[in-house]
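A.B. asks: Input file: query03.txt. Contents: compact mmCIF, C-alpha atoms and all ligand atoms.
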# COMPACT_ATOMS: atom_id res chain seq x y z
CA MET F 1 -177.31 -34.91 -83.09
CA LYS F 2 -175.75 -37.83 -84.93
CA TYR F 3 -173.33 -38.69 -82.14
CA ARG F 4 -175.77 -38.58 -79.24
CA HIS F 5 -176.45 -42.32 -79.30
CA ILE F 6 -173.35 -44.47 -79.46
CA LEU F 7 -172.88 -48.19 -78.93
CA GLY F 8 -170.47 -48.53 -76.01
CA ILE F 9 -168.55 -51.79 -75.64
CA ASP F 10 -166.36 -52.85 -72.74
CA PHE F 11 -163.80 -55.55 -73.38
CA GLY F 12 -163.18 -57.17 -69.98
CA GLY F 13 -161.26 -60.18 -68.74
CA SER F 14 -164.33 -62.40 -68.44
CA GLY F 15 -166.99 -60.73 -70.56
CA ILE F 16 -167.38 -58.36 -73.50
CA LYS F 17 -170.41 -56.19 -72.80
CA GLY F 18 -172.19 -53.65 -74.92
CA ALA F 19 -175.18 -51.35 -74.88
CA PRO F 20 -176.35 -48.23 -76.68
CA VAL F 21 -175.64 -45.12 -74.64
CA ASP F 22 -177.31 -41.74 -74.53
CA THR F 23 -174.08 -39.74 -74.27
CA LYS F 24 -175.87 -36.55 -73.32
CA LYS F 25 -177.53 -38.04 -70.25
CA GLY F 26 -175.04 -40.84 -69.54
CA TYR F 27 -177.27 -43.87 -69.39
CA LEU F 28 -177.84 -47.10 -71.30
CA THR F 29 -180.86 -46.96 -73.57
CA ALA F 30 -181.22 -50.76 -73.71
CA ASP F 31 -180.18 -53.72 -71.57
CA ARG F 32 -176.53 -54.66 -71.66
CA TYR F 33 -175.64 -57.60 -73.88
CA ARG F 34 -172.75 -59.75 -72.67
CA ILE F 35 -170.74 -62.46 -74.37
CA PRO F 36 -167.95 -64.33 -72.51
CA THR F 37 -164.49 -63.17 -73.55
CA PRO F 38 -162.93 -65.75 -75.89
CA LEU F 39 -159.82 -67.38 -74.50
CA PRO F 40 -157.25 -66.61 -75.66
CA ALA F 41 -158.60 -63.13 -76.33
CA THR F 42 -157.14 -62.87 -79.84
CA PRO F 43 -157.85 -59.99 -82.27
CA GLU F 44 -159.96 -62.36 -84.40
CA GLY F 45 -161.93 -63.84 -81.50
CA VAL F 46 -162.63 -60.49 -79.89
CA SER F 47 -163.57 -58.73 -83.13
CA ASN F 48 -166.01 -61.57 -83.89
CA VAL F 49 -167.66 -61.04 -80.51
CA ILE F 50 -167.88 -57.29 -81.12
CA TYR F 51 -169.49 -57.98 -84.48
CA LYS F 52 -172.10 -60.15 -82.72
CA ILE F 53 -172.84 -57.38 -80.22
CA VAL F 54 -173.27 -54.87 -83.07
CA LYS F 55 -175.65 -57.28 -84.83
CA HIS F 56 -177.56 -57.99 -81.60
CA PHE F 57 -178.50 -54.32 -81.38
CA LYS F 58 -178.88 -54.04 -85.20
CA TRP F 59 -176.55 -51.10 -84.69
CA GLU F 60 -175.72 -48.78 -87.56
CA GLY F 61 -174.14 -45.83 -85.78
CA PRO F 62 -170.77 -45.14 -84.20
CA VAL F 63 -169.11 -47.57 -81.79
CA GLY F 64 -166.85 -46.87 -78.80
CA LEU F 65 -164.64 -49.60 -77.37
CA ALA F 66 -163.05 -49.63 -73.91
CA PHE F 67 -159.92 -51.75 -74.29
CA PRO F 68 -157.93 -53.38 -71.44
CA ALA F 69 -154.47 -52.18 -72.54
CA VAL F 70 -152.57 -49.07 -73.59
CA VAL F 71 -154.10 -47.69 -76.80
CA MET F 72 -152.49 -44.81 -78.69
CA ASN F 73 -154.33 -43.40 -81.70
CA GLY F 74 -156.17 -46.69 -82.09
CA ILE F 75 -153.02 -48.82 -81.87
CA VAL F 76 -152.68 -51.37 -79.07
CA LYS F 77 -149.33 -51.05 -77.32
CA THR F 78 -149.44 -53.55 -74.44
CA ALA F 79 -151.16 -56.83 -73.61
CA SER F 80 -150.95 -57.83 -69.95
CA ASN F 81 -154.24 -59.72 -69.79
CA ILE F 82 -155.03 -60.28 -73.46
CA ASP F 83 -153.49 -62.21 -76.32
CA LYS F 84 -150.04 -60.81 -77.22
CA ASN F 85 -150.99 -60.75 -80.93
CA TRP F 86 -152.86 -57.54 -80.19
CA ILE F 87 -149.64 -55.58 -79.81
CA GLY F 88 -149.17 -53.26 -82.80
CA ILE F 89 -152.68 -53.81 -84.14
CA ASN F 90 -154.81 -50.81 -85.02
CA ALA F 91 -157.89 -51.87 -83.06
CA SER F 92 -160.04 -49.01 -84.37
CA GLU F 93 -159.33 -50.02 -87.97
CA LEU F 94 -159.86 -53.71 -87.21
CA ILE F 95 -163.32 -53.11 -85.74
CA MET F 96 -164.24 -50.55 -88.42
CA ASN F 97 -163.35 -53.05 -91.15
CA LYS F 98 -165.28 -55.80 -89.41
CA THR F 99 -168.43 -53.80 -88.70
CA GLY F 100 -168.34 -51.05 -91.32
CA LEU F 101 -169.02 -48.56 -88.51
CA PRO F 102 -166.93 -45.62 -87.25
CA THR F 103 -165.13 -46.89 -84.14
CA TYR F 104 -163.09 -45.19 -81.45
CA VAL F 105 -160.94 -47.27 -79.11
CA LEU F 106 -159.40 -46.18 -75.82
CA ASN F 107 -158.02 -47.66 -72.61
CA ASP F 108 -160.75 -49.11 -70.39
CA ALA F 109 -159.77 -47.22 -67.23
CA ASP F 110 -159.63 -43.96 -69.20
CA ALA F 111 -163.15 -44.73 -70.43
CA ALA F 112 -164.44 -45.50 -66.92
CA GLY F 113 -162.83 -42.30 -65.68
CA MET F 114 -164.54 -40.19 -68.32
CA ALA F 115 -167.91 -41.58 -67.25
CA ALA F 116 -167.15 -40.96 -63.56
CA MET F 117 -166.01 -37.36 -64.13
CA LYS F 118 -168.94 -36.45 -66.34
CA PHE F 119 -171.83 -38.22 -64.66
CA GLY F 120 -170.55 -39.95 -61.54
CA ALA F 121 -168.52 -39.59 -58.37
CA GLY F 122 -165.94 -37.22 -59.89
CA LYS F 123 -168.42 -34.71 -61.29
CA GLY F 124 -167.32 -31.14 -60.58
CA LYS F 125 -164.06 -32.15 -58.86
CA LYS F 126 -161.29 -29.68 -59.64
CA GLY F 127 -158.33 -31.23 -57.82
CA SER F 128 -156.60 -34.47 -58.74
CA VAL F 129 -158.89 -37.45 -58.92
CA LEU F 130 -157.50 -40.94 -59.23
CA LEU F 131 -159.79 -43.71 -60.41
CA ILE F 132 -158.64 -47.28 -59.91
CA THR F 133 -160.51 -50.14 -61.56
CA VAL F 134 -159.95 -53.46 -59.83
CA GLY F 135 -160.91 -56.49 -61.88
CA THR F 136 -158.86 -59.00 -63.85
CA GLY F 137 -156.17 -56.32 -63.98
CA ILE F 138 -155.74 -53.00 -62.20
CA GLY F 139 -156.46 -50.00 -64.38
CA THR F 140 -155.87 -46.39 -63.41
CA VAL F 141 -156.79 -42.97 -64.66
CA LEU F 142 -155.71 -39.63 -63.32
CA PHE F 143 -157.53 -36.33 -63.74
CA THR F 144 -156.48 -32.91 -62.67
CA LYS F 145 -158.76 -29.89 -63.07
CA GLY F 146 -161.02 -32.31 -64.94
CA LYS F 147 -158.34 -33.08 -67.56
CA LEU F 148 -157.45 -36.69 -68.25
CA VAL F 149 -153.87 -37.95 -68.41
CA GLN F 150 -154.11 -40.75 -70.99
CA ASN F 151 -152.83 -44.29 -70.52
CA THR F 152 -151.51 -44.10 -66.97
CA GLU F 153 -150.52 -47.68 -66.10
CA LEU F 154 -150.21 -47.39 -62.35
CA GLY F 155 -151.53 -50.91 -61.85
CA HIS F 156 -148.06 -51.96 -62.98
CA LEU F 157 -146.32 -49.99 -60.26
CA PHE F 158 -143.81 -52.12 -58.37
CA LEU F 159 -144.49 -52.24 -54.67
CA LYS F 160 -141.70 -52.41 -52.07
CA SER F 161 -141.97 -56.18 -52.03
CA GLY F 162 -140.80 -56.13 -55.66
CA ILE F 163 -144.13 -57.32 -57.05
CA GLU F 164 -146.36 -55.38 -59.43
CA ALA F 165 -149.55 -54.09 -57.81
CA GLU F 166 -151.69 -55.90 -60.40
CA ASP F 167 -150.08 -59.25 -59.55
CA TYR F 168 -150.59 -58.63 -55.84
CA THR F 169 -153.99 -57.07 -55.36
CA SER F 170 -156.24 -57.40 -58.42
CA ASP F 171 -159.65 -59.01 -58.01
CA ALA F 172 -158.40 -61.97 -60.06
CA VAL F 173 -155.55 -62.45 -57.55
CA ARG F 174 -158.06 -62.32 -54.67
CA GLN F 175 -160.04 -65.12 -56.28
CA ASN F 176 -157.13 -67.20 -57.59
CA GLU F 177 -155.23 -67.12 -54.30
CA GLY F 178 -158.41 -67.66 -52.28
CA LEU F 179 -157.78 -64.52 -50.17
CA ASP F 180 -160.54 -63.52 -47.79
CA TRP F 181 -161.70 -59.90 -48.05
CA GLU F 182 -159.63 -58.74 -45.11
CA GLU F 183 -156.44 -60.30 -46.49
CA TRP F 184 -157.12 -58.77 -49.86
CA ALA F 185 -158.00 -55.37 -48.36
CA LYS F 186 -154.69 -55.25 -46.46
CA ARG F 187 -152.86 -55.77 -49.74
CA PHE F 188 -154.98 -53.18 -51.50
CA ASP F 189 -154.31 -50.75 -48.67
CA ILE F 190 -150.54 -51.02 -49.26
CA TYR F 191 -151.14 -50.05 -52.86
CA LEU F 192 -153.51 -47.21 -51.98
CA ASN F 193 -151.03 -45.80 -49.48
CA GLU F 194 -148.39 -45.76 -52.21
CA MET F 195 -150.77 -43.98 -54.59
CA GLU F 196 -151.64 -41.44 -51.92
CA LYS F 197 -147.99 -40.73 -51.21
CA LEU F 198 -147.12 -40.29 -54.89
CA PHE F 199 -150.13 -38.39 -56.25
CA TRP F 200 -151.91 -36.67 -53.35
CA PRO F 201 -155.34 -36.95 -54.99
CA GLU F 202 -158.33 -35.14 -53.52
CA LEU F 203 -160.44 -38.19 -54.21
CA ILE F 204 -159.90 -41.84 -55.07
CA ILE F 205 -162.72 -43.57 -56.94
CA ILE F 206 -162.79 -47.36 -57.01
CA GLY F 207 -164.35 -49.10 -59.98
CA GLY F 208 -164.43 -52.62 -61.39
CA GLY F 209 -165.67 -55.82 -59.76
CA VAL F 210 -164.71 -55.01 -56.16
CA SER F 211 -166.61 -51.71 -56.20
CA LYS F 212 -169.84 -53.71 -55.92
CA LYS F 213 -168.86 -54.86 -52.42
CA PRO F 214 -167.44 -51.86 -50.54
CA LYS F 215 -168.63 -53.15 -47.16
CA LYS F 216 -166.28 -56.10 -47.47
CA PHE F 217 -163.12 -54.01 -47.55
CA LEU F 218 -163.57 -50.29 -46.84
CA ASN F 219 -163.17 -50.61 -43.07
CA HIS F 220 -159.77 -52.31 -43.50
CA LEU F 221 -158.27 -49.35 -45.37
CA THR F 222 -156.03 -46.82 -43.62
CA VAL F 223 -155.54 -44.21 -46.38
CA LYS F 224 -156.58 -40.69 -45.49
CA THR F 225 -157.78 -39.67 -48.95
CA LYS F 226 -161.53 -39.77 -49.42
CA ILE F 227 -162.54 -42.99 -51.19
CA ILE F 228 -165.78 -43.60 -52.99
CA MET F 229 -167.11 -46.33 -55.23
CA ALA F 230 -167.81 -45.55 -58.88
CA LYS F 231 -171.54 -45.06 -59.31
CA ALA F 232 -171.85 -46.73 -62.69
CA LYS F 233 -170.13 -49.93 -61.42
CA ASN F 234 -169.79 -52.24 -64.41
CA GLU F 235 -171.44 -49.85 -66.82
CA ALA F 236 -168.75 -47.17 -66.59
CA GLY F 237 -166.58 -48.64 -69.36
CA ILE F 238 -169.55 -48.80 -71.72
CA ILE F 239 -170.70 -45.26 -70.98
CA GLY F 240 -167.16 -43.85 -71.05
CA ALA F 241 -166.33 -45.53 -74.37
CA ALA F 242 -169.42 -43.94 -75.89
CA LEU F 243 -168.58 -40.54 -74.42
CA ALA F 244 -165.01 -40.67 -75.72
CA THR F 245 -166.30 -41.55 -79.18
CA ARG F 246 -168.56 -38.53 -79.14
CA GLU F 247 -165.66 -36.31 -78.06
CA ASN F 248 -163.50 -37.65 -80.88
CA ARG F 249 -166.20 -37.61 -83.58
CA ASN F 250 -164.04 -35.23 -85.65
CA LEU F 251 -161.99 -38.32 -86.56
CA PHE F 252 -164.92 -39.59 -88.62
CA GLU F 253 -166.68 -36.47 -89.85
C1 LIG G 301 -153.65 -52.92 -68.32
C2 LIG G 301 -154.36 -51.59 -68.35
C3 LIG G 301 -155.84 -51.79 -68.09
C4 LIG G 301 -156.06 -52.60 -66.83
C5 LIG G 301 -157.53 -52.90 -66.56
C6 LIG G 301 -153.96 -53.63 -67.03
O1 LIG G 301 -153.33 -54.88 -67.04
O2 LIG G 301 -152.24 -52.76 -68.43
O3 LIG G 301 -154.15 -50.96 -69.58
O4 LIG G 301 -156.46 -50.55 -67.98
O5 LIG G 301 -155.37 -53.82 -66.88
O6 LIG G 301 -158.09 -53.64 -67.59
Starting from the coordinates I provided, produce the structure as structure tokens.
C.D. replies:
Amino acid sequence: MKYRHILGIDFGGSGIKGAPVDTKKGYLTADRYRIPTPLPATPEGVSNVIYKIVKHFKWEGPVGLAFPAVVMNGIVKTASNIDKNWIGINASELIMNKTGLPTYVLNDADAAGMAAMKFGAGKGKKGSVLLITVGTGIGTVLFTKGKLVQNTELGHLFLKSGIEAEDYTSDAVRQNEGLDWEEWAKRFDIYLNEMEKLFWPELIIIGGGVSKKPKKFLNHLTVKTKIIMAKAKNEAGIIGAALATRENRNLFE
């Protein structure tokens, strides 16, 4: 099957990481290769890095890219944590032209969610599952009966204090404001309570940087919804981007 092995790439706030993925089994078939995200993260800078990752693996097959913004049919619509020049750019076309390889681009949280529902913590869940990735930004993805609602941007929800959740309780905010884990967890708990009240998920999955350290914050949370950490941790974006590319292979065939 031509689309079984796909190069998954995750464009994050601090690093752009890639690895070939076996999309049938959901694992990386080689070690991840990471290059620091160029600052500012312009279309040119980022596409050059992606080209280097493709060359590193001597890759000649399809590529899937998890992108940290709203992406509709390949076109970037927002740019909270990346260079504003991305807005309006067809990222799929840009990477295809640069690499000569079929490329599918989707939101990074949507990608992580696809990996979690297929191979990870959300597998088999039929009710609503909300996955929240907490890193440089806050990404969200909502599933119900296993179906994904694309491009939910619930990290930009305004909390009662009038501040956007992402500017209040991302992992970058924790680090930049020097919050200890308890202080950060109390903020995150306000956000989670809001999510619980609005969406009534059966399960909340936490991904991104903070999901590597659940012991630091889980016991400070008061939400009643079951919370688990994403299994794939920082590989979920890579695996999900590859999976999504396989699912959308009709675009290239
Ligand atoms: C963006 C989302 C993205 C999230 C995580 C947010 O700032 O608006 O699209 O999923 O960061 O990267």
A.B. asks: With all atoms listed in the file as the basis for distance, which of F:Ser47, F:Thr140, F:Asn234, F:Gln175 is at the shortest distance from ligand LIG 301 (chain G)?
C.D. replies: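 When distances to ligand LIG 301 (chain G) are compared using all atoms listed in the file, the smallest one comes from F:Thr140.
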A.B. asks: Identify the residues within 10 Å of coordinate (-154.2, -46.7, -85.4) (same frame as the file), considering all atoms listed in the file, and give the answer as a list of chain:residue names.
C.D. replies: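 The answer, in the requested form, is F:Val71, F:Met72, F:Asn73, F:Gly74, F:Ile75, F:Val76, F:Gly88, F:Ile89, F:Asn90, F:Ala91, F:Ser92, F:Glu93, F:Leu94, F:Tyr104, F:Val105.
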A.B. asks: Within 8 Å of ligand LIG 301 (chain G), counting all atoms listed in the file: which residues, as an NGL selection string?
C.D. replies: :F and (12-13 or 67-71 or 78-81 or 107-110 or 133-140 or 151-153 or 155-156 or 166)
A.B. asks: How close does each residue of stretch 210-246 of chain F get to stretch 201-204 of chain F, giving the shortest atom pair and distance in Å to one decimal for every residue with an atom at most 9 Å away, counting only C-alpha atoms, sorted by chain and residue number, as a Markdown table?
C.D. replies:
| residue | atom | partner | partner_atom | distance |
| --- | --- | --- | --- | --- |
| F:Thr225 | CA | F:Leu203 | CA | 6.1 |
| F:Lys226 | CA | F:Leu203 | CA | 5.2 |
| F:Ile227 | CA | F:Ile204 | CA | 4.8 |
| F:Ile228 | CA | F:Ile204 | CA | 6.5 |
| F:Met229 | CA | F:Ile204 | CA | 8.5 |
A.B. asks: Report, in Å with one decimal, the straight-line distance from atom CA of F:Leu198 to atom CA of F:Ile132.
C.D. replies: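 Taking atom CA of F:Leu198 as the start and atom CA of F:Ile132 as the end point, the length is 14.4 Å.
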A.B. asks: From the options F:Gly26, F:Gly124, F:Pro214, F:Pro43, which residue's atoms come nearest to F:Ala242, counting all atoms listed in the file?
C.D. replies: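 Result for the nearest residue to F:Ala242: F:Gly26.
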A.B. asks: Given the choices F:Phe119, F:Tyr168, F:Tyr191, F:Phe199, which gets closest to F:Phe143 if the distance is worked out from only C-alpha atoms?
C.D. replies: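 Using only C-alpha atoms, F:Phe143 sits closest to F:Phe199.
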A.B. asks: Name the residues in contact with stretch 17-23 of chain F at a cut-off of 6 Å, using only C-alpha atoms, excluding same-chain residues fewer than 5 positions from it; report them as a ChimeraX atom specification.
C.D. replies: /F:4-10,28-29,32-34,243
A.B. asks: Atom CA of F:Pro40 and atom CA of F:Ala241, how far apart in Å?
C.D. replies: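 Distance between the two atoms: 23.0 Å.
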A.B. asks: For a cut-off of 10 Å around (-168.6, -49.3, -61.6), file coordinates, pick out all residues using only C-alpha atoms and list them as a list in words.
C.D. replies: Ala112, Gly113, Ala115, Ala116, Gly120, Thr133, Val134, Ile205, Ile206, Gly207, Gly208, Gly209, Val210, Ser211, Lys212, Met229, Ala230, Lys231, Ala232, Lys233, Asn234, Glu235, Ala236 and Gly237 of chain F
A.B. asks: Would you work out the distance separating atom CA of F:Asn193 from atom CA of F:Lys224, expressed in Å to one decimal?
C.D. replies: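 Computing the Euclidean distance for atom CA of F:Asn193 and atom CA of F:Lys224 yields 8.5 Å.
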A.B. asks: Let me make sure I understand: among F:Lys2, F:Leu131, F:Asn97, F:Phe188, which one has the smallest atom-to-atom distance to F:Gly61 if we use only C-alpha atoms?
C.D. replies: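 So, comparing all the options, the nearest one is F:Lys2.
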A.B. asks: Which one is closest to F:Ile35: F:Phe158, F:Phe252, F:Phe57, F:Phe11? Count all atoms listed in the file.
C.D. replies: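 Residue with the minimum atom-to-atom distance to F:Ile35: F:Phe11.
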A.B. asks: Please determine, counting only C-alpha atoms, which residue among F:Ala121, F:Leu39, F:Met96, F:Ala66 has the shortest atom-to-atom distance to F:Ile238.
C.D. replies: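 Answer, going by the shortest atom-to-atom distance: F:Ala66.
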